[in-house]
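Chemist: Hey, dropping my_file_35.txt in here, compact mmCIF, C-alpha atoms:
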# COMPACT_ATOMS: atom_id res chain seq x y z
CA MET Y 1 6.92 158.12 67.38
CA PRO Y 2 5.01 160.59 69.61
CA ASN Y 3 6.47 161.29 73.02
CA THR Y 4 4.05 159.96 75.62
CA PHE Y 5 6.23 160.90 78.59
CA SER Y 6 5.82 164.26 80.26
CA ALA Y 7 8.23 167.00 79.21
CA ASN Y 8 10.27 166.96 82.43
CA PHE Y 9 10.91 163.20 82.17
CA PRO Y 10 14.58 162.69 81.29
CA THR Y 11 13.91 160.37 78.32
CA THR Y 12 11.52 160.17 75.38
CA THR Y 13 9.28 157.29 74.31
CA ASP Y 14 11.37 156.35 71.28
CA GLN Y 15 14.57 156.38 73.33
CA PHE Y 16 12.94 154.19 75.97
CA VAL Y 17 11.65 151.72 73.38
CA GLY Y 18 15.16 151.53 71.89
CA PHE Y 19 16.57 150.91 75.36
CA VAL Y 20 14.19 148.03 76.08
CA ILE Y 21 14.75 146.42 72.65
CA PHE Y 22 18.53 146.54 72.99
CA TRP Y 23 18.28 145.18 76.51
CA PHE Y 24 16.31 142.14 75.30
CA LEU Y 25 18.68 141.58 72.39
CA SER Y 26 21.79 141.72 74.58
CA THR Y 27 20.53 139.60 77.49
CA PRO Y 28 20.93 136.16 75.76
CA PHE Y 29 24.70 136.78 75.61
CA LEU Y 30 24.80 136.43 79.41
CA TRP Y 31 24.27 132.69 78.92
CA LEU Y 32 27.59 132.31 77.10
CA ARG Y 33 30.21 130.67 79.25
CA PRO Y 34 33.42 132.71 79.60
CA GLU Y 35 35.38 129.71 78.29
CA ARG Y 36 33.68 130.31 74.93
CA PHE Y 37 34.01 134.06 74.49
CA GLN Y 38 36.55 133.83 71.66
CA ILE Y 39 34.12 134.14 68.72
CA PRO Y 40 32.13 137.15 70.07
CA PHE Y 41 35.46 138.82 70.84
CA MET Y 42 36.75 138.13 67.33
CA VAL Y 43 33.60 139.52 65.66
CA MET Y 44 33.55 142.62 67.88
CA CYS Y 45 37.24 143.46 67.50
CA THR Y 46 37.15 143.13 63.72
CA TRP Y 47 33.91 145.06 63.36
CA CYS Y 48 34.79 147.97 65.67
CA GLY Y 49 38.43 148.16 64.63
CA LEU Y 50 37.69 148.22 60.89
CA GLY Y 51 34.73 150.56 61.43
CA MET Y 52 36.76 153.12 63.33
CA PHE Y 53 39.66 152.98 60.90
CA ALA Y 54 37.34 153.31 57.88
CA TRP Y 55 35.70 156.28 59.53
CA MET Y 56 39.01 158.07 59.97
CA VAL Y 57 40.05 157.33 56.37
CA TRP Y 58 36.70 158.62 55.08
CA ALA Y 59 36.87 161.80 57.19
CA LEU Y 60 40.47 162.54 56.17
CA ALA Y 61 39.77 161.83 52.49
CA THR Y 62 36.65 164.03 52.47
CA ALA Y 63 38.19 166.89 54.42
CA LYS Y 64 41.67 166.60 52.83
CA GLY Y 65 43.31 167.49 56.13
CA VAL Y 66 42.40 168.31 59.70
CA GLY Y 67 40.62 171.30 61.19
CA PRO Y 68 41.95 173.79 63.78
CA LEU Y 69 41.07 171.39 66.61
CA TRP Y 70 44.19 169.38 65.80
CA ASN Y 71 46.43 172.39 66.51
CA SER Y 72 44.50 173.60 69.55
CA GLY Y 73 47.16 174.85 71.89
CA GLN Y 74 47.03 175.11 75.63
CA ARG Y 75 44.31 177.53 76.73
CA VAL Y 76 43.78 176.92 80.41
CA PRO Y 77 41.22 179.53 81.60
CA ALA Y 78 42.92 182.54 83.20
CA GLY Y 79 41.02 182.14 86.48
CA SER Y 80 41.83 178.43 86.75
CA MET Y 81 42.86 177.39 90.26
CA TRP Y 82 45.04 174.57 88.89
CA SER Y 83 48.31 174.81 87.01
CA THR Y 84 48.86 172.75 83.85
CA SER Y 85 50.79 170.05 85.72
CA TRP Y 86 47.98 169.54 88.22
CA LEU Y 87 45.43 169.44 85.41
CA ILE Y 88 47.47 166.64 83.80
CA MET Y 89 47.59 164.77 87.13
CA SER Y 90 43.85 165.21 87.50
CA GLY Y 91 43.31 163.87 83.97
CA ILE Y 92 45.40 160.77 84.73
CA ASN Y 93 43.43 160.27 87.94
CA GLN Y 94 40.11 160.58 86.08
CA SER Y 95 41.15 158.07 83.44
CA ILE Y 96 42.27 155.47 85.99
CA GLY Y 97 39.15 156.13 88.10
CA GLY Y 98 36.95 155.09 85.20
CA PHE Y 99 38.63 151.70 85.16
CA ALA Y 100 39.01 151.14 88.91
CA ALA Y 101 35.98 148.84 89.17
CA GLY Y 102 37.07 146.81 86.15
CA ILE Y 103 40.60 146.49 87.54
CA THR Y 104 39.37 145.19 90.93
CA ASN Y 105 37.69 142.12 89.52
CA GLY Y 106 40.40 141.38 86.97
CA SER Y 107 40.97 137.96 88.50
CA ASP Y 108 37.49 136.88 87.31
CA PHE Y 109 38.97 136.83 83.81
CA SER Y 110 42.68 136.34 84.38
CA ARG Y 111 41.87 132.93 85.90
CA TYR Y 112 40.97 131.67 82.43
CA ALA Y 113 44.54 132.24 81.20
CA SER Y 114 46.13 129.13 79.73
CA LYS Y 115 49.54 130.76 80.32
CA ARG Y 116 50.40 133.80 82.43
CA ARG Y 117 52.23 135.53 79.61
CA ASN Y 118 49.06 135.44 77.45
CA TYR Y 119 47.39 137.80 79.91
CA ILE Y 120 50.31 140.21 79.73
CA TYR Y 121 50.57 140.15 75.91
CA GLY Y 122 46.82 140.72 75.53
CA THR Y 123 46.78 143.53 78.07
CA VAL Y 124 49.73 145.40 76.61
CA THR Y 125 48.57 145.19 72.98
CA SER Y 126 44.92 145.99 73.68
CA CYS Y 127 44.72 148.08 76.86
CA VAL Y 128 47.77 150.19 76.02
CA ILE Y 129 48.47 150.22 72.26
CA THR Y 130 45.00 149.80 70.71
CA SER Y 131 43.39 152.06 73.26
CA VAL Y 132 45.79 154.94 72.66
CA LEU Y 133 45.27 154.45 68.91
CA VAL Y 134 41.48 154.64 69.29
CA SER Y 135 41.74 157.95 71.19
CA LEU Y 136 44.11 159.27 68.52
CA VAL Y 137 41.87 158.12 65.67
CA GLY Y 138 38.86 159.70 67.42
CA LEU Y 139 40.76 162.97 67.76
CA VAL Y 140 41.89 162.95 64.11
CA THR Y 141 38.35 162.12 62.91
CA ALA Y 142 36.81 164.86 65.07
CA ALA Y 143 39.39 167.33 63.76
CA ALA Y 144 38.75 166.30 60.13
CA GLY Y 145 35.00 166.43 60.78
CA GLN Y 146 35.44 169.98 62.01
CA LYS Y 147 36.74 170.90 58.55
CA ILE Y 148 33.75 169.19 56.88
CA TYR Y 149 30.93 170.43 59.13
CA GLY Y 150 32.44 173.51 60.76
CA GLU Y 151 31.66 172.01 64.16
CA VAL Y 152 33.40 169.47 66.38
CA TYR Y 153 31.45 166.22 66.65
CA TRP Y 154 33.01 164.13 69.39
CA ASN Y 155 30.11 161.74 69.74
CA PRO Y 156 29.50 160.07 66.37
CA PRO Y 157 25.87 159.06 67.09
CA GLY Y 158 24.61 162.39 68.31
CA GLU Y 159 25.37 165.38 70.52
CA ARG Y 160 27.73 167.97 69.20
CA PHE Y 161 30.49 169.54 71.21
CA MET F 162 -1.18 117.77 95.90
CA ALA F 163 -0.65 118.28 92.19
CA LEU F 164 0.68 121.74 92.88
CA ARG F 165 3.07 120.45 95.50
CA ASN F 166 4.37 117.82 93.07
CA ARG F 167 4.82 120.41 90.40
CA LEU F 168 6.72 122.68 92.82
CA ALA F 169 8.92 119.74 93.80
CA VAL F 170 9.73 119.11 90.12
CA ILE F 171 10.59 122.80 89.59
CA ASN F 172 12.72 122.73 92.73
CA GLN F 173 14.68 119.77 91.34
CA LYS F 174 15.06 121.40 87.93
CA ILE F 175 16.40 124.77 89.07
CA ARG F 176 18.85 123.18 91.49
CA LEU F 177 22.49 123.68 90.55
CA THR F 178 24.31 120.43 89.96
CA GLY F 179 28.00 119.73 89.83
CA ASP F 180 30.13 116.88 88.62
CA ASP F 181 31.72 115.42 91.76
CA GLU F 182 34.46 113.77 89.68
CA LYS F 183 35.59 117.25 88.63
CA HIS F 184 35.40 118.50 92.25
CA GLU F 185 32.44 120.74 91.40
CA GLN F 186 31.09 120.72 94.96
CA THR F 187 27.72 122.50 94.96
CA ASP F 188 26.48 124.23 98.11
CA ALA F 189 26.02 127.78 99.43
CA TRP F 190 29.78 128.45 99.27
CA SER F 191 30.91 126.58 96.21
CA ASN F 192 29.78 125.69 92.70
CA ARG F 193 31.16 125.12 89.21
CA ASP F 194 31.86 128.85 88.75
CA LEU F 195 33.60 129.39 92.08
CA ILE F 196 36.06 126.50 92.30
CA PRO F 197 39.67 127.15 91.19
CA LEU F 198 39.60 126.52 87.45
CA PRO F 199 40.85 123.09 86.39
CA PRO F 200 43.46 123.22 83.57
CA GLU F 201 41.04 122.03 80.86
CA ARG F 202 38.84 125.08 81.38
CA ARG F 203 41.74 127.56 81.13
CA THR F 204 41.02 128.33 77.50
CA TRP F 205 41.99 132.00 77.09
CA GLY F 206 45.03 132.79 74.95
CA SER F 207 46.54 136.20 74.17
CA PHE F 208 43.82 137.05 71.65
CA SER F 209 41.09 136.45 74.23
CA TYR F 210 42.68 139.03 76.48
CA PHE F 211 43.03 141.36 73.53
CA GLY F 212 39.26 140.98 73.01
CA PHE F 213 38.55 141.39 76.71
CA TRP F 214 40.43 144.70 76.87
CA ALA F 215 38.97 145.78 73.54
CA ILE F 216 35.65 146.17 75.38
CA ALA F 217 37.38 148.96 77.27
CA SER F 218 39.36 150.34 74.33
CA LEU F 219 37.48 149.88 71.03
CA ASN F 220 34.49 151.94 72.11
CA ILE F 221 32.92 155.36 71.77
CA ALA F 222 33.81 156.48 75.31
CA ASN F 223 37.47 156.00 74.48
CA TRP F 224 37.02 157.63 71.06
CA GLN F 225 35.81 160.76 72.91
CA THR F 226 38.41 160.74 75.69
CA PRO F 227 40.51 163.64 74.29
CA SER F 228 37.42 165.88 74.42
CA THR F 229 37.57 165.87 78.23
CA PHE F 230 41.04 167.39 78.24
CA LEU F 231 40.80 169.81 75.30
CA GLY F 232 38.59 172.89 74.97
CA ARG F 233 34.97 173.45 75.90
CA PHE F 234 32.50 170.63 76.35
CA THR F 235 28.72 170.30 76.53
CA ARG F 236 26.79 168.35 79.04
CA PHE F 237 23.09 167.65 79.55
CA ASP F 238 22.02 169.67 82.57
CA ILE F 239 18.99 168.02 84.14
CA SER F 240 18.04 171.04 86.29
CA VAL F 241 17.33 173.20 83.23
CA ASP F 242 16.65 170.29 80.83
CA LYS F 243 19.06 171.60 78.17
CA GLN F 244 22.45 170.97 76.61
CA LEU F 245 24.74 173.56 78.16
CA THR F 246 28.21 174.46 76.95
CA TYR F 247 30.80 174.71 79.68
CA SER F 248 33.94 176.64 78.92
CA THR F 249 35.60 175.50 82.15
CA ALA F 250 37.03 172.33 80.56
CA MET F 251 40.70 171.66 81.10
CA GLY F 252 41.88 173.55 78.03
CA LEU F 253 45.01 171.44 77.57
CA SER F 254 46.80 171.10 74.23
CA VAL F 255 46.70 168.03 71.96
CA PRO F 256 50.14 166.68 73.01
CA GLN F 257 49.30 167.17 76.70
CA SER F 258 46.01 165.26 76.25
CA MET F 259 47.76 162.41 74.48
CA LEU F 260 50.35 162.33 77.27
CA ILE F 261 47.56 161.86 79.84
CA ILE F 262 46.06 159.04 77.78
CA VAL F 263 49.37 157.20 77.30
CA VAL F 264 50.46 157.50 80.96
CA SER F 265 47.06 156.51 82.39
CA ARG F 266 46.81 153.51 80.06
CA ILE F 267 50.25 152.25 81.10
CA LEU F 268 49.28 152.62 84.77
CA ILE F 269 45.96 150.81 84.20
CA ALA F 270 47.78 147.91 82.53
CA LEU F 271 50.28 147.77 85.40
CA PHE F 272 47.72 147.87 88.23
CA SER F 273 45.38 145.43 86.53
CA THR F 274 48.19 142.92 86.05
CA ILE F 275 49.15 143.19 89.73
CA ILE F 276 45.57 142.67 90.89
CA ALA F 277 44.88 139.95 88.32
CA TRP F 278 47.95 138.00 89.45
CA ILE F 279 45.90 136.08 92.03
CA GLY F 280 43.74 134.77 89.19
CA LEU F 281 46.80 133.91 87.12
CA LYS F 282 48.42 132.06 90.01
CA TRP F 283 45.51 130.44 91.90
CA HIS F 284 42.78 130.55 89.21
CA ILE F 285 40.12 131.85 91.59
CA GLY F 286 37.80 134.78 90.86
CA PHE F 287 37.00 138.08 92.52
CA THR F 288 34.14 136.69 94.63
CA VAL F 289 36.32 134.01 96.20
CA GLN F 290 39.32 136.30 96.47
CA ASN F 291 37.27 138.65 98.70
CA ARG F 292 36.81 135.95 101.29
CA TYR F 293 40.34 136.14 102.66
CA SER F 294 40.12 139.87 103.39
CA TRP F 295 36.41 140.25 104.23
CA GLY F 296 35.66 136.87 105.77
CA MET F 297 33.16 134.36 104.42
CA VAL F 298 29.98 136.30 105.26
CA GLY F 299 31.62 139.72 104.98
CA SER F 300 32.53 139.02 101.35
CA PHE F 301 28.87 139.55 100.47
CA ILE F 302 29.44 143.31 100.98
CA PRO F 303 31.89 143.82 98.05
CA LEU F 304 29.92 141.21 96.10
CA SER F 305 26.64 143.12 96.38
CA GLN F 306 28.39 146.39 95.55
CA ARG F 307 29.78 144.79 92.40
CA ILE F 308 26.35 143.44 91.46
CA LEU F 309 24.73 146.87 91.91
CA LEU F 310 27.46 148.41 89.75
CA ASN F 311 26.71 145.80 87.09
CA PHE F 312 23.06 146.91 86.97
CA ILE F 313 24.20 150.49 86.43
CA TRP F 314 26.74 149.55 83.75
CA ASN F 315 24.26 147.36 81.92
CA ALA F 316 21.76 150.23 81.84
CA VAL F 317 24.42 152.72 80.69
CA GLN F 318 25.54 150.43 77.85
CA CYS F 319 21.95 149.77 76.72
CA LYS F 320 21.20 153.49 76.81
CA GLN F 321 24.30 154.47 74.83
CA THR F 322 23.80 151.80 72.19
CA SER F 323 20.06 152.35 71.78
CA ASP F 324 20.64 156.11 71.52
CA SER F 325 23.13 155.54 68.74
CA TRP F 326 20.35 153.87 66.71
CA GLN F 327 18.13 156.93 66.84
CA PRO F 328 18.28 159.05 63.70
CA LYS F 329 19.10 162.53 64.94
CA GLU F 330 19.28 165.97 63.47
CA TYR F 331 22.95 166.33 64.37
CA SER F 332 23.98 162.77 63.66
CA PHE F 333 27.32 162.22 62.01
CA LEU F 334 25.77 159.39 59.98
CA THR F 335 22.77 161.26 58.60
CA HIS F 336 24.70 164.36 57.56
Go ahead and express the file in the form of structure tokens.

Modeler:
Amino acid sequence: MPNTFSANFPTTTDQFVGFVIFWFLSTPFLWLRPERFQIPFMVMCTWCGLGMFAWMVWALATAKGVGPLWNSGQRVPAGSMWSTSWLIMSGINQSIGGFAAGITNGSDFSRYASKRRNYIYGTVTSCVITSVLVSLVGLVTAAAGQKIYGEVYWNPPGERF
Amino acid sequence: MALRNRLAVINQKIRLTGDDEKHEQTDAWSNRDLIPLPPERRTWGSFSYFGFWAIASLNIANWQTPSTFLGRFTRFDISVDKQLTYSTAMGLSVPQSMLIIVVSRILIALFSTIIAWIGLKWHIGFTVQNRYSWGMVGSFIPLSQRILLNFIWNAVQCKQTSDSWQPKEYSFLTH
């Protein structure tokens, strides 16, 4: 598809068309009542979970091991104004910052809990355990991909790092 | 006259209605979505909350998280319209990055449970919860901020997903 936008416009025509199509496809889901989210959740968890796991298995099987990314040691730039400990604190702060808005309106969803302990079980297994696993699987896949392609691909759909 | 009748019909149709027997009082301050949830609508079990948090965990952003803490990273720089590689990333090691992820996730779970407790106890949502600290009219300030943030998030999600459909030279899938 030819790009009809000018060169200094931050998107291209095909990206914009994709954006509008996905927007229209996703909007009907806003009509679902939160009481009935179980099936979309079930489909999404199975799909994404299996997809990510299969991806890691494929990458490890193809590469037969992980690339040097996996063993990358600490290499804080010499001129860095922060020590390692402060960098770790800053990383923790960044990670929580990304969720701050979602945390604030947690009661919009917690009010649907049939029992209080359900909220806690779901949060611990998904927000803590699954989430750490996804980061780990992403890291392992990127490291195995480095052995296959010679480059580190963090973002599966596109940009290379 | 016909137009006025038609407008009156539309006005009746788009009006929110509530079931008075279920205490769904409908006015400017209250409707079916704002009242404390009656027990029969509290339908979420543990798996629902697993699915709810999976939106924040089973995704590409989380897949890429370690890249922020490890070596160099690239970012689209709008001023020069190019992907630039920055070598000023944190440069932490793999165990240090995983430590950040584990600690921050535990803190997120802790804080979110504390803040969500009002919903677990009183079964009211964020918009109603704001009224006791901001006042009835003042609660529109955090409400409009949250709505604006939703517009941004919706656009970001649509952009990320639609971009992932584009066949690209560097794509992991087309290699």

Chemist: Near range 32-40 of chain Y, counting all atoms listed in the file, which residues have an atom at most 7 Å away, once you skip same-chain residues fewer than 4 positions from it, shown as a list in words?

Modeler: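 Close residues of range 32-40 of chain Y: Met44 of chain Y; Arg202, Thr204 and Ser209 of chain F.
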
Chemist: Would you output that residue set with C-alpha atoms, as a CSV table (one decimal), keeping the file's coordinate frame?

Modeler:
chain,number,residue,atom,x,y,z
Y,44,MET,CA,33.6,142.6,67.9
F,202,ARG,CA,38.8,125.1,81.4
F,204,THR,CA,41.0,128.3,77.5
F,209,SER,CA,41.1,136.4,74.2

Chemist: Between CA of Glu182 in chain F and CA of Arg203 in chain F, measure the distance and give it in Å to one decimal.

Modeler: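 Atom-to-atom, CA of Glu182 in chain F to CA of Arg203 in chain F, that is 17.8 Å.
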
Chemist: Rounded to one decimal place, report the CA of Leu219 in chain F-CA of Val263 in chain F distance in Å.

Modeler: 15.3 Å

Chemist: Counting all atoms listed in the file, which residues of chain F fall within 7 Å of chain Y, and what is the closest atom pair for each with its distance in Å at one decimal, ordered by chain and rising number, as a tab-separated table?

Modeler:
residue	atom	partner	partner_atom	distance
F:Leu198	CA	Y:Arg111	CA	7.0
F:Arg202	CA	Y:Glu35	CA	6.6
F:Arg203	CA	Y:Tyr112	CA	4.4
F:Thr204	CA	Y:Ser114	CA	5.6
F:Trp205	CA	Y:Ala113	CA	4.8
F:Gly206	CA	Y:Asn118	CA	5.4
F:Ser207	CA	Y:Asn118	CA	4.2
F:Phe208	CA	Y:Gly122	CA	6.1
F:Ser209	CA	Y:Gln38	CA	5.8
F:Tyr210	CA	Y:Gly122	CA	4.6
F:Phe211	CA	Y:Gly122	CA	4.3
F:Gly212	CA	Y:Phe41	CA	4.9
F:Trp214	CA	Y:Cys127	CA	5.5
F:Ala215	CA	Y:Ser126	CA	6.0
F:Ser218	CA	Y:Ser131	CA	4.5
F:Leu219	CA	Y:Cys48	CA	6.3
F:Asn223	CA	Y:Ser135	CA	5.7
F:Trp224	CA	Y:Gly138	CA	4.6
F:Gln225	CA	Y:Trp154	CA	5.6
F:Thr226	CA	Y:Ser135	CA	6.3
F:Pro227	CA	Y:Leu139	CA	6.6
F:Ser228	CA	Y:Trp154	CA	6.9
F:Phe234	CA	Y:Phe161	CA	5.6
F:Thr235	CA	Y:Phe161	CA	5.7
F:Thr249	CA	Y:Pro77	CA	6.9
F:Met251	CA	Y:Val76	CA	6.1
F:Gly252	CA	Y:Val76	CA	4.5
F:Leu253	CA	Y:Gln74	CA	4.6
F:Ser254	CA	Y:Gln74	CA	4.3
F:Val255	CA	Y:Ser72	CA	6.5
F:Ile261	CA	Y:Ile92	CA	5.5
F:Ile262	CA	Y:Val132	CA	6.6
F:Val263	CA	Y:Val132	CA	6.3
F:Ser265	CA	Y:Ile92	CA	5.1
F:Arg266	CA	Y:Val128	CA	5.3
F:Ile267	CA	Y:Val128	CA	6.0
F:Ile269	CA	Y:Ile96	CA	6.2
F:Ala270	CA	Y:Thr123	CA	6.3
F:Ser273	CA	Y:Ile103	CA	5.0
F:Ile276	CA	Y:Gly106	CA	6.6
F:Ala277	CA	Y:Ser107	CA	4.4
F:Ile279	CA	Y:Ser107	CA	6.3
F:Gly280	CA	Y:Arg111	CA	4.2
F:Leu281	CA	Y:Arg111	CA	5.2
F:His284	CA	Y:Arg111	CA	4.2
F:Ile285	CA	Y:Arg111	CA	6.1
F:Gly286	CA	Y:Asp108	CA	4.1
F:Phe287	CA	Y:Asn105	CA	5.1
F:Cys319	CA	Y:Phe19	CA	5.7
F:Lys320	CA	Y:Phe19	CA	5.5
F:Ser323	CA	Y:Gly18	CA	5.0
F:Asp324	CA	Y:Gln15	CA	6.3
F:Ser325	CA	Y:Pro157	CA	4.8
F:Lys329	CA	Y:Gly158	CA	6.5
F:Tyr331	CA	Y:Gly158	CA	5.8
F:Ser332	CA	Y:Gly158	CA	4.7
F:Phe333	CA	Y:Pro156	CA	5.3

Chemist: For CA of Pro199 in chain F and CA of Ile175 in chain F, quote the distance in Å rounded to one decimal.

Modeler: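 CA of Ile175 in chain F lies 24.7 Å from CA of Pro199 in chain F.
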